[in-house]
file input-v5.cif (mmCIF, N, CA and C atoms)
data_structure
loop_
_atom_site.group_PDB
_atom_site.id
_atom_site.type_symbol
_atom_site.label_atom_id
_atom_site.label_comp_id
_atom_site.auth_asym_id
_atom_site.auth_seq_id
_atom_site.Cartn_x
_atom_site.Cartn_y
_atom_site.Cartn_z
ATOM 1 N N MET M 1335 -69.960 -47.690 94.858
ATOM 2 C CA MET M 1335 -68.632 -47.223 95.175
ATOM 3 C C MET M 1335 -67.921 -48.302 95.987
ATOM 4 N N ASN M 1336 -66.730 -48.604 95.596
ATOM 5 C CA ASN M 1336 -66.029 -49.652 96.334
ATOM 6 C C ASN M 1336 -65.302 -49.053 97.536
ATOM 7 N N ASN M 1337 -64.759 -49.917 98.356
ATOM 8 C CA ASN M 1337 -64.098 -49.493 99.591
ATOM 9 C C ASN M 1337 -62.864 -48.641 99.330
ATOM 10 N N MET M 1338 -62.127 -48.884 98.248
ATOM 11 C CA MET M 1338 -60.927 -48.092 97.925
ATOM 12 C C MET M 1338 -61.310 -46.648 97.628
ATOM 13 N N ASN M 1339 -62.380 -46.449 96.870
ATOM 14 C CA ASN M 1339 -62.820 -45.088 96.554
ATOM 15 C C ASN M 1339 -63.268 -44.355 97.826
ATOM 16 N N LYS M 1340 -63.992 -45.044 98.699
ATOM 17 C CA LYS M 1340 -64.431 -44.430 99.950
ATOM 18 C C LYS M 1340 -63.237 -44.046 100.813
ATOM 19 N N LEU M 1341 -62.235 -44.912 100.882
ATOM 20 C CA LEU M 1341 -61.030 -44.638 101.658
ATOM 21 C C LEU M 1341 -60.298 -43.429 101.080
ATOM 22 N N PHE M 1342 -60.175 -43.377 99.764
ATOM 23 C CA PHE M 1342 -59.504 -42.262 99.104
ATOM 24 C C PHE M 1342 -60.233 -40.948 99.381
ATOM 25 N N LEU M 1343 -61.550 -40.937 99.278
ATOM 26 C CA LEU M 1343 -62.335 -39.726 99.543
ATOM 27 C C LEU M 1343 -62.225 -39.292 101.007
ATOM 28 N N THR M 1344 -62.193 -40.246 101.913
ATOM 29 C CA THR M 1344 -62.063 -39.931 103.334
ATOM 30 C C THR M 1344 -60.716 -39.288 103.615
ATOM 31 N N ILE M 1345 -59.642 -39.830 103.054
ATOM 32 C CA ILE M 1345 -58.299 -39.274 103.244
ATOM 33 C C ILE M 1345 -58.213 -37.883 102.623
ATOM 34 N N THR M 1346 -58.776 -37.709 101.448
ATOM 35 C CA THR M 1346 -58.760 -36.409 100.783
ATOM 36 C C THR M 1346 -59.510 -35.369 101.613
ATOM 37 N N ALA M 1347 -60.661 -35.728 102.135
ATOM 38 C CA ALA M 1347 -61.456 -34.805 102.943
ATOM 39 C C ALA M 1347 -60.717 -34.438 104.231
ATOM 40 N N ALA M 1348 -60.092 -35.409 104.871
ATOM 41 C CA ALA M 1348 -59.356 -35.157 106.110
ATOM 42 C C ALA M 1348 -58.161 -34.234 105.851
ATOM 43 N N THR M 1349 -57.452 -34.447 104.766
ATOM 44 C CA THR M 1349 -56.304 -33.605 104.419
ATOM 45 C C THR M 1349 -56.746 -32.172 104.135
ATOM 46 N N THR M 1350 -57.822 -32.024 103.391
ATOM 47 C CA THR M 1350 -58.348 -30.691 103.075
ATOM 48 C C THR M 1350 -58.752 -29.966 104.344
ATOM 49 N N LEU M 1351 -59.423 -30.631 105.248
ATOM 50 C CA LEU M 1351 -59.841 -30.048 106.513
ATOM 51 C C LEU M 1351 -58.636 -29.610 107.337
ATOM 52 N N CYS M 1352 -57.602 -30.417 107.347
ATOM 53 C CA CYS M 1352 -56.384 -30.099 108.092
ATOM 54 C C CYS M 1352 -55.754 -28.809 107.563
ATOM 55 N N PHE M 1353 -55.615 -28.684 106.241
ATOM 56 C CA PHE M 1353 -55.015 -27.486 105.651
ATOM 57 C C PHE M 1353 -55.895 -26.256 105.875
ATOM 58 N N ALA M 1354 -57.183 -26.413 105.806
ATOM 59 C CA ALA M 1354 -58.095 -25.285 106.024
ATOM 60 C C ALA M 1354 -57.983 -24.778 107.455
ATOM 61 N N THR M 1355 -57.857 -25.664 108.416
ATOM 62 C CA THR M 1355 -57.716 -25.286 109.823
ATOM 63 C C THR M 1355 -56.419 -24.520 110.041
ATOM 64 N N GLN M 1356 -55.334 -24.956 109.409
ATOM 65 C CA GLN M 1356 -54.060 -24.265 109.546
ATOM 66 C C GLN M 1356 -54.136 -22.870 108.941
ATOM 67 N N ALA M 1357 -54.819 -22.696 107.825
ATOM 68 C CA ALA M 1357 -54.946 -21.391 107.187
ATOM 69 C C ALA M 1357 -55.704 -20.424 108.090
ATOM 70 N N VAL M 1358 -56.766 -20.891 108.732
ATOM 71 C CA VAL M 1358 -57.532 -20.038 109.640
ATOM 72 C C VAL M 1358 -56.675 -19.657 110.844
ATOM 73 N N SER M 1359 -55.914 -20.588 111.382
ATOM 74 C CA SER M 1359 -55.033 -20.290 112.516
ATOM 75 C C SER M 1359 -54.001 -19.247 112.133
ATOM 76 N N ALA M 1360 -53.437 -19.347 110.948
ATOM 77 C CA ALA M 1360 -52.441 -18.379 110.492
ATOM 78 C C ALA M 1360 -53.057 -16.992 110.374
ATOM 79 N N GLN M 1361 -54.294 -16.892 109.892
ATOM 80 C CA GLN M 1361 -54.959 -15.601 109.780
ATOM 81 C C GLN M 1361 -55.213 -15.008 111.163
ATOM 82 N N GLU M 1362 -55.601 -15.809 112.133
ATOM 83 C CA GLU M 1362 -55.848 -15.307 113.476
ATOM 84 C C GLU M 1362 -54.563 -14.792 114.097
ATOM 85 N N GLU M 1363 -53.447 -15.490 113.919
ATOM 86 C CA GLU M 1363 -52.165 -15.050 114.451
ATOM 87 C C GLU M 1363 -51.748 -13.736 113.823
ATOM 88 N N THR M 1364 -51.929 -13.592 112.514
ATOM 89 C CA THR M 1364 -51.575 -12.361 111.832
ATOM 90 C C THR M 1364 -52.379 -11.201 112.388
ATOM 91 N N GLY M 1365 -53.644 -11.397 112.636
ATOM 92 C CA GLY M 1365 -54.489 -10.349 113.194
ATOM 93 C C GLY M 1365 -53.999 -9.880 114.558
ATOM 94 N N ARG M 1366 -53.601 -10.796 115.397
ATOM 95 C CA ARG M 1366 -53.093 -10.429 116.723
ATOM 96 C C ARG M 1366 -51.789 -9.663 116.603
ATOM 97 N N THR M 1367 -50.903 -10.077 115.718
ATOM 98 C CA THR M 1367 -49.620 -9.403 115.535
ATOM 99 C C THR M 1367 -49.838 -7.976 115.070
ATOM 100 N N THR M 1368 -50.715 -7.760 114.117
ATOM 101 C CA THR M 1368 -50.988 -6.422 113.614
ATOM 102 C C THR M 1368 -51.494 -5.523 114.727
ATOM 103 N N LYS M 1369 -52.367 -6.043 115.556
ATOM 104 C CA LYS M 1369 -52.925 -5.250 116.643
ATOM 105 C C LYS M 1369 -51.824 -4.837 117.612
ATOM 106 N N MET M 1370 -50.907 -5.729 117.944
ATOM 107 C CA MET M 1370 -49.824 -5.407 118.857
ATOM 108 C C MET M 1370 -48.902 -4.356 118.249
ATOM 109 N N GLU M 1371 -48.621 -4.427 116.955
ATOM 110 C CA GLU M 1371 -47.770 -3.436 116.306
ATOM 111 C C GLU M 1371 -48.410 -2.061 116.355
ATOM 112 N N THR M 1372 -49.707 -1.981 116.168
ATOM 113 C CA THR M 1372 -50.404 -0.705 116.223
ATOM 114 C C THR M 1372 -50.270 -0.088 117.609
ATOM 115 N N THR M 1373 -50.424 -0.889 118.639
ATOM 116 C CA THR M 1373 -50.281 -0.397 120.001
ATOM 117 C C THR M 1373 -48.866 0.093 120.258
ATOM 118 N N THR M 1374 -47.870 -0.647 119.801
ATOM 119 C CA THR M 1374 -46.475 -0.279 119.993
ATOM 120 C C THR M 1374 -46.167 1.050 119.323
ATOM 121 N N ASN M 1375 -46.669 1.284 118.115
ATOM 122 C CA ASN M 1375 -46.397 2.518 117.392
ATOM 123 C C ASN M 1375 -47.011 3.736 118.058
ATOM 124 N N SER M 1376 -48.040 3.576 118.864
ATOM 125 C CA SER M 1376 -48.743 4.699 119.468
ATOM 126 C C SER M 1376 -48.351 4.933 120.928
ATOM 127 N N GLU M 1377 -47.363 4.225 121.441
ATOM 128 C CA GLU M 1377 -47.034 4.291 122.858
ATOM 129 C C GLU M 1377 -46.719 5.697 123.347
ATOM 130 N N ASN M 1378 -45.981 6.491 122.590
ATOM 131 C CA ASN M 1378 -45.562 7.804 123.047
ATOM 132 C C ASN M 1378 -46.614 8.877 122.807
ATOM 133 N N TYR M 1379 -47.709 8.515 122.242
ATOM 134 C CA TYR M 1379 -48.770 9.464 121.911
ATOM 135 C C TYR M 1379 -50.035 9.136 122.684
ATOM 136 N N THR M 1380 -50.779 10.182 123.038
ATOM 137 C CA THR M 1380 -52.062 10.038 123.708
ATOM 138 C C THR M 1380 -53.144 10.518 122.752
ATOM 139 N N GLU M 1381 -54.197 9.748 122.620
ATOM 140 C CA GLU M 1381 -55.270 10.140 121.702
ATOM 141 C C GLU M 1381 -55.984 11.383 122.213
ATOM 142 N N VAL M 1382 -56.274 12.290 121.289
ATOM 143 C CA VAL M 1382 -57.026 13.507 121.602
ATOM 144 C C VAL M 1382 -58.191 13.615 120.625
ATOM 145 N N GLN M 1383 -59.191 14.365 120.995
ATOM 146 C CA GLN M 1383 -60.323 14.614 120.104
ATOM 147 C C GLN M 1383 -59.864 15.517 118.964
ATOM 148 N N THR M 1384 -60.344 15.255 117.772
ATOM 149 C CA THR M 1384 -59.943 16.085 116.631
ATOM 150 C C THR M 1384 -60.404 17.528 116.823
ATOM 151 N N SER M 1385 -61.441 17.745 117.588
ATOM 152 C CA SER M 1385 -61.915 19.108 117.858
ATOM 153 C C SER M 1385 -60.943 19.886 118.754
ATOM 154 N N GLU M 1386 -60.028 19.187 119.425
ATOM 155 C CA GLU M 1386 -59.049 19.824 120.312
ATOM 156 C C GLU M 1386 -57.757 20.207 119.594
ATOM 157 N N LEU M 1387 -57.643 19.901 118.303
ATOM 158 C CA LEU M 1387 -56.416 20.202 117.563
ATOM 159 C C LEU M 1387 -56.258 21.706 117.358
ATOM 160 N N PRO M 1388 -55.009 22.189 117.353
ATOM 161 C CA PRO M 1388 -54.785 23.600 117.046
ATOM 162 C C PRO M 1388 -55.310 23.931 115.641
ATOM 163 N N GLN M 1389 -55.818 25.133 115.467
ATOM 164 C CA GLN M 1389 -56.367 25.552 114.180
ATOM 165 C C GLN M 1389 -55.310 25.470 113.089
ATOM 166 N N ALA M 1390 -54.041 25.724 113.422
ATOM 167 C CA ALA M 1390 -52.961 25.668 112.434
ATOM 168 C C ALA M 1390 -52.854 24.276 111.803
ATOM 169 N N ILE M 1391 -53.095 23.244 112.578
ATOM 170 C CA ILE M 1391 -53.038 21.877 112.051
ATOM 171 C C ILE M 1391 -54.222 21.631 111.117
ATOM 172 N N ASN M 1392 -55.400 22.037 111.526
ATOM 173 C CA ASN M 1392 -56.573 21.884 110.654
ATOM 174 C C ASN M 1392 -56.368 22.623 109.331
ATOM 175 N N ASP M 1393 -55.826 23.831 109.395
ATOM 176 C CA ASP M 1393 -55.580 24.616 108.186
ATOM 177 C C ASP M 1393 -54.562 23.920 107.278
ATOM 178 N N ALA M 1394 -53.505 23.342 107.872
ATOM 179 C CA ALA M 1394 -52.468 22.656 107.084
ATOM 180 C C ALA M 1394 -53.041 21.427 106.383
ATOM 181 N N VAL M 1395 -53.901 20.686 107.052
ATOM 182 C CA VAL M 1395 -54.517 19.503 106.432
ATOM 183 C C VAL M 1395 -55.385 19.932 105.256
ATOM 184 N N ILE M 1396 -56.197 20.965 105.457
ATOM 185 C CA ILE M 1396 -57.065 21.452 104.378
ATOM 186 C C ILE M 1396 -56.225 21.913 103.189
ATOM 187 N N LYS M 1397 -55.131 22.617 103.463
ATOM 188 C CA LYS M 1397 -54.280 23.164 102.400
ATOM 189 C C LYS M 1397 -53.514 22.069 101.645
ATOM 190 N N ASP M 1398 -52.917 21.137 102.381
ATOM 191 C CA ASP M 1398 -51.995 20.173 101.773
ATOM 192 C C ASP M 1398 -52.604 18.816 101.435
ATOM 193 N N PHE M 1399 -53.758 18.501 101.965
ATOM 194 C CA PHE M 1399 -54.398 17.199 101.729
ATOM 195 C C PHE M 1399 -55.856 17.424 101.346
ATOM 196 N N THR M 1400 -56.063 17.914 100.157
ATOM 197 C CA THR M 1400 -57.402 18.254 99.677
ATOM 198 C C THR M 1400 -58.352 17.068 99.806
ATOM 199 N N GLY M 1401 -59.480 17.305 100.446
ATOM 200 C CA GLY M 1401 -60.499 16.269 100.584
ATOM 201 C C GLY M 1401 -60.266 15.304 101.730
ATOM 202 N N ALA M 1402 -59.177 15.453 102.470
ATOM 203 C CA ALA M 1402 -58.885 14.539 103.582
ATOM 204 C C ALA M 1402 -59.577 15.008 104.853
ATOM 205 N N THR M 1403 -59.927 14.043 105.688
ATOM 206 C CA THR M 1403 -60.452 14.349 107.019
ATOM 207 C C THR M 1403 -59.561 13.669 108.050
ATOM 208 N N ILE M 1404 -59.472 14.250 109.222
ATOM 209 C CA ILE M 1404 -58.669 13.674 110.297
ATOM 210 C C ILE M 1404 -59.549 12.669 111.029
ATOM 211 N N SER M 1405 -59.214 11.385 110.893
ATOM 212 C CA SER M 1405 -60.034 10.361 111.533
ATOM 213 C C SER M 1405 -59.622 10.116 112.981
ATOM 214 N N LYS M 1406 -58.336 10.253 113.284
ATOM 215 C CA LYS M 1406 -57.839 10.107 114.661
ATOM 216 C C LYS M 1406 -56.668 11.047 114.834
ATOM 217 N N ALA M 1407 -56.456 11.496 116.065
ATOM 218 C CA ALA M 1407 -55.344 12.391 116.366
ATOM 219 C C ALA M 1407 -54.723 11.997 117.700
ATOM 220 N N TYR M 1408 -53.411 12.131 117.764
ATOM 221 C CA TYR M 1408 -52.645 11.811 118.961
ATOM 222 C C TYR M 1408 -51.648 12.934 119.201
ATOM 223 N N VAL M 1409 -51.258 13.139 120.447
ATOM 224 C CA VAL M 1409 -50.263 14.157 120.774
ATOM 225 C C VAL M 1409 -49.264 13.560 121.765
ATOM 226 N N ASN M 1410 -48.000 14.006 121.675
ATOM 227 C CA ASN M 1410 -47.000 13.560 122.638
ATOM 228 C C ASN M 1410 -46.622 14.716 123.553
ATOM 229 N N GLU M 1411 -45.652 14.500 124.436
ATOM 230 C CA GLU M 1411 -45.245 15.506 125.420
ATOM 231 C C GLU M 1411 -44.665 16.761 124.771
ATOM 232 N N LYS M 1412 -44.100 16.635 123.574
ATOM 233 C CA LYS M 1412 -43.470 17.764 122.884
ATOM 234 C C LYS M 1412 -44.468 18.544 122.025
ATOM 235 N N LYS M 1413 -45.750 18.234 122.165
ATOM 236 C CA LYS M 1413 -46.805 18.855 121.363
ATOM 237 C C LYS M 1413 -46.631 18.556 119.878
ATOM 238 N N GLU M 1414 -46.159 17.341 119.582
ATOM 239 C CA GLU M 1414 -46.091 16.853 118.208
ATOM 240 C C GLU M 1414 -47.330 15.986 118.008
ATOM 241 N N TYR M 1415 -47.959 16.159 116.880
ATOM 242 C CA TYR M 1415 -49.229 15.491 116.623
ATOM 243 C C TYR M 1415 -49.072 14.406 115.573
ATOM 244 N N LYS M 1416 -49.678 13.267 115.841
ATOM 245 C CA LYS M 1416 -49.771 12.162 114.892
ATOM 246 C C LYS M 1416 -51.212 12.147 114.415
ATOM 247 N N LEU M 1417 -51.389 12.276 113.106
ATOM 248 C CA LEU M 1417 -52.733 12.364 112.540
ATOM 249 C C LEU M 1417 -52.985 11.221 111.580
ATOM 250 N N LEU M 1418 -54.147 10.628 111.663
ATOM 251 C CA LEU M 1418 -54.571 9.623 110.698
ATOM 252 C C LEU M 1418 -55.571 10.306 109.777
ATOM 253 N N LEU M 1419 -55.184 10.437 108.508
ATOM 254 C CA LEU M 1419 -56.013 11.124 107.527
ATOM 255 C C LEU M 1419 -56.748 10.112 106.674
ATOM 256 N N GLN M 1420 -58.007 10.366 106.434
ATOM 257 C CA GLN M 1420 -58.833 9.497 105.598
ATOM 258 C C GLN M 1420 -59.286 10.282 104.382
ATOM 259 N N THR M 1421 -59.167 9.669 103.214
ATOM 260 C CA THR M 1421 -59.668 10.298 101.991
ATOM 261 C C THR M 1421 -60.701 9.381 101.360
ATOM 262 N N GLN M 1422 -61.511 9.957 100.500
ATOM 263 C CA GLN M 1422 -62.517 9.155 99.812
ATOM 264 C C GLN M 1422 -61.879 8.282 98.745
ATOM 265 N N ALA M 1423 -60.674 8.633 98.304
ATOM 266 C CA ALA M 1423 -60.010 7.894 97.231
ATOM 267 C C ALA M 1423 -59.499 6.530 97.687
ATOM 268 N N THR M 1424 -59.223 6.368 98.981
ATOM 269 C CA THR M 1424 -58.656 5.113 99.467
ATOM 270 C C THR M 1424 -59.273 4.735 100.808
ATOM 271 N N ASP M 1425 -59.298 3.450 101.089
ATOM 272 C CA ASP M 1425 -59.818 2.967 102.363
ATOM 273 C C ASP M 1425 -58.771 3.034 103.470
ATOM 274 N N GLU M 1426 -57.496 3.115 103.092
ATOM 275 C CA GLU M 1426 -56.419 3.127 104.076
ATOM 276 C C GLU M 1426 -56.177 4.534 104.594
ATOM 277 N N ALA M 1427 -55.963 4.637 105.895
ATOM 278 C CA ALA M 1427 -55.645 5.928 106.494
ATOM 279 C C ALA M 1427 -54.163 6.235 106.260
ATOM 280 N N GLN M 1428 -53.867 7.502 106.031
ATOM 281 C CA GLN M 1428 -52.497 7.952 105.855
ATOM 282 C C GLN M 1428 -52.061 8.602 107.161
ATOM 283 N N THR M 1429 -50.869 8.265 107.646
ATOM 284 C CA THR M 1429 -50.367 8.824 108.885
ATOM 285 C C THR M 1429 -49.391 9.948 108.571
ATOM 286 N N VAL M 1430 -49.623 11.110 109.172
ATOM 287 C CA VAL M 1430 -48.731 12.262 109.022
ATOM 288 C C VAL M 1430 -48.458 12.831 110.411
ATOM 289 N N TYR M 1431 -47.374 13.588 110.507
ATOM 290 C CA TYR M 1431 -46.973 14.177 111.779
ATOM 291 C C TYR M 1431 -46.800 15.679 111.599
ATOM 292 N N ALA M 1432 -47.226 16.435 112.609
ATOM 293 C CA ALA M 1432 -47.114 17.893 112.541
ATOM 294 C C ALA M 1432 -46.819 18.436 113.937
ATOM 295 N N ASN M 1433 -46.205 19.634 113.956
ATOM 296 C CA ASN M 1433 -46.035 20.308 115.245
ATOM 297 C C ASN M 1433 -47.259 21.176 115.488
ATOM 298 N N GLU M 1434 -47.311 21.850 116.625
ATOM 299 C CA GLU M 1434 -48.508 22.618 116.964
ATOM 300 C C GLU M 1434 -48.694 23.849 116.082
ATOM 301 N N LYS M 1435 -47.669 24.201 115.291
ATOM 302 C CA LYS M 1435 -47.768 25.325 114.359
ATOM 303 C C LYS M 1435 -48.334 24.898 113.009
ATOM 304 N N GLY M 1436 -48.592 23.601 112.852
ATOM 305 C CA GLY M 1436 -49.130 23.099 111.588
ATOM 306 C C GLY M 1436 -48.051 22.818 110.555
ATOM 307 N N GLU M 1437 -46.810 22.703 110.997
ATOM 308 C CA GLU M 1437 -45.690 22.384 110.101
ATOM 309 C C GLU M 1437 -45.492 20.869 110.109
ATOM 310 N N TRP M 1438 -45.316 20.294 108.918
ATOM 311 C CA TRP M 1438 -45.136 18.851 108.809
ATOM 312 C C TRP M 1438 -43.747 18.479 109.292
ATOM 313 N N ILE M 1439 -43.663 17.419 110.087
ATOM 314 C CA ILE M 1439 -42.394 16.976 110.654
ATOM 315 C C ILE M 1439 -42.202 15.485 110.395
ATOM 316 N N GLU M 1440 -40.973 15.034 110.538
ATOM 317 C CA GLU M 1440 -40.662 13.607 110.477
ATOM 318 C C GLU M 1440 -40.730 13.051 111.901
ATOM 319 N N PRO M 1441 -41.343 11.896 112.083
ATOM 320 C CA PRO M 1441 -41.403 11.325 113.432
ATOM 321 C C PRO M 1441 -40.005 10.911 113.890
ATOM 322 N N LYS M 1442 -39.741 11.095 115.153
ATOM 323 C CA LYS M 1442 -38.446 10.696 115.720
ATOM 324 C C LYS M 1442 -38.484 9.201 116.012
ATOM 325 N N LYS M 1443 -37.424 8.521 115.643
ATOM 326 C CA LYS M 1443 -37.311 7.087 115.919
ATOM 327 C C LYS M 1443 -36.761 6.919 117.321
ATOM 328 N N SER M 1444 -37.427 6.058 118.105
ATOM 329 C CA SER M 1444 -36.977 5.818 119.494
ATOM 330 C C SER M 1444 -35.950 4.733 119.525
#

call {"tool": "encode", "arguments": {"input": "input-v5.cif", "output": "structure tokens"}}
result
Amino acid sequence: MNNMNKLFLTITAATTLCFATQAVSAQEETGRTTKMETTTNSENYTEVQTSELPQAINDAVIKDFTGATISKAYVNEKKEYKLLLQTQATDEAQTVYANEKGEWIEPKKS
């Protein structure tokens, strides 16, 4: 291998390494941003145990979301509940809101 080929391979390897490092940094930044957004969305709610939910809410989930389980639950000062529902059909949790009577509500925008 002559010196030109070695120089070309060295430059190519250095460039590839540079781009790979930037891609990893971008992924780390995205992860931090997502975590902060999750915290911001839950500010007005306090996490509660799913066993502490009113029976009306459990009944509404069973009736309207067949096969879903409540993976996390939150409540605010107005007794409005934010529920994260998990189904076997998808890996993503679905967020729904209900009042203490088990009626589905739209979340209020602050």

call {"tool": "closest_residue", "arguments": {"input": "input-v5.cif", "among": "M:Ile1439, M:Ala1427, M:Val1382, M:Ile1396", "to": "Val1409 in chain M", "atoms": "only N, CA and C atoms"}}
result
M:Val1382

call {"tool": "closest_residue", "arguments": {"input": "input-v5.cif", "among": "M:Asn1378, M:Gln1389, M:Thr1400, M:Gln1383", "to": "Pro1441 in chain M", "atoms": "only C-alpha atoms"}}
result
M:Asn1378

call {"tool": "atom_distance", "arguments": {"input": "input-v5.cif", "atom1": "CA of Ile1391 in chain M", "atom2": "CA of Glu1437 in chain M"}}
result
7.6 Å

call {"tool": "resolve_selection", "arguments": {"input": "input-v5.cif", "expression": "the PyMOL selection byres (((chain M and resi 1385 and name CA) around 12) and name CA)", "output": "JSON, numbers by chain"}}
result
{"M": [1381, 1382, 1383, 1384, 1386, 1387, 1388, 1389, 1391, 1392, 1403, 1404, 1405, 1406, 1407, 1408]}

call {"tool": "atom_distance", "arguments": {"input": "input-v5.cif", "atom1": "CA of Val1430 in chain M", "atom2": "CA of Leu1417 in chain M"}}
result
5.3 Å

call {"tool": "resolve_selection", "arguments": {"input": "input-v5.cif", "expression": "the PyMOL selection byres ((chain M and resi 1414) around 6.5)", "output": "list in words"}}
result
Tyr1408, Val1409, Asn1410, Glu1411, Lys1412, Lys1413, Tyr1415, Lys1416, Tyr1431, Ala1432, Asn1433 and Glu1434 of chain M

call {"tool": "atom_distance", "arguments": {"input": "input-v5.cif", "atom1": "atom N of Gln1422 in chain M", "atom2": "atom N of Trp1438 in chain M"}}
result
21.0 Å

call {"tool": "closest_residue", "arguments": {"input": "input-v5.cif", "among": "M:Thr1380, M:Ala1390, M:Gly1401, M:Ile1345", "to": "Ala1423 in chain M", "atoms": "only N, CA and C atoms"}}
result
M:Gly1401

call {"tool": "select_by_dssp", "arguments": {"input": "input-v5.cif", "residues": "range 1367-1428 of chain M", "states": "strand (DSSP E)", "output": "JSON, numbers by chain"}}
result
{"M": [1380, 1381, 1382, 1403, 1404, 1405, 1406, 1407, 1408, 1409, 1414, 1415, 1416, 1417, 1418, 1419, 1420, 1428]}
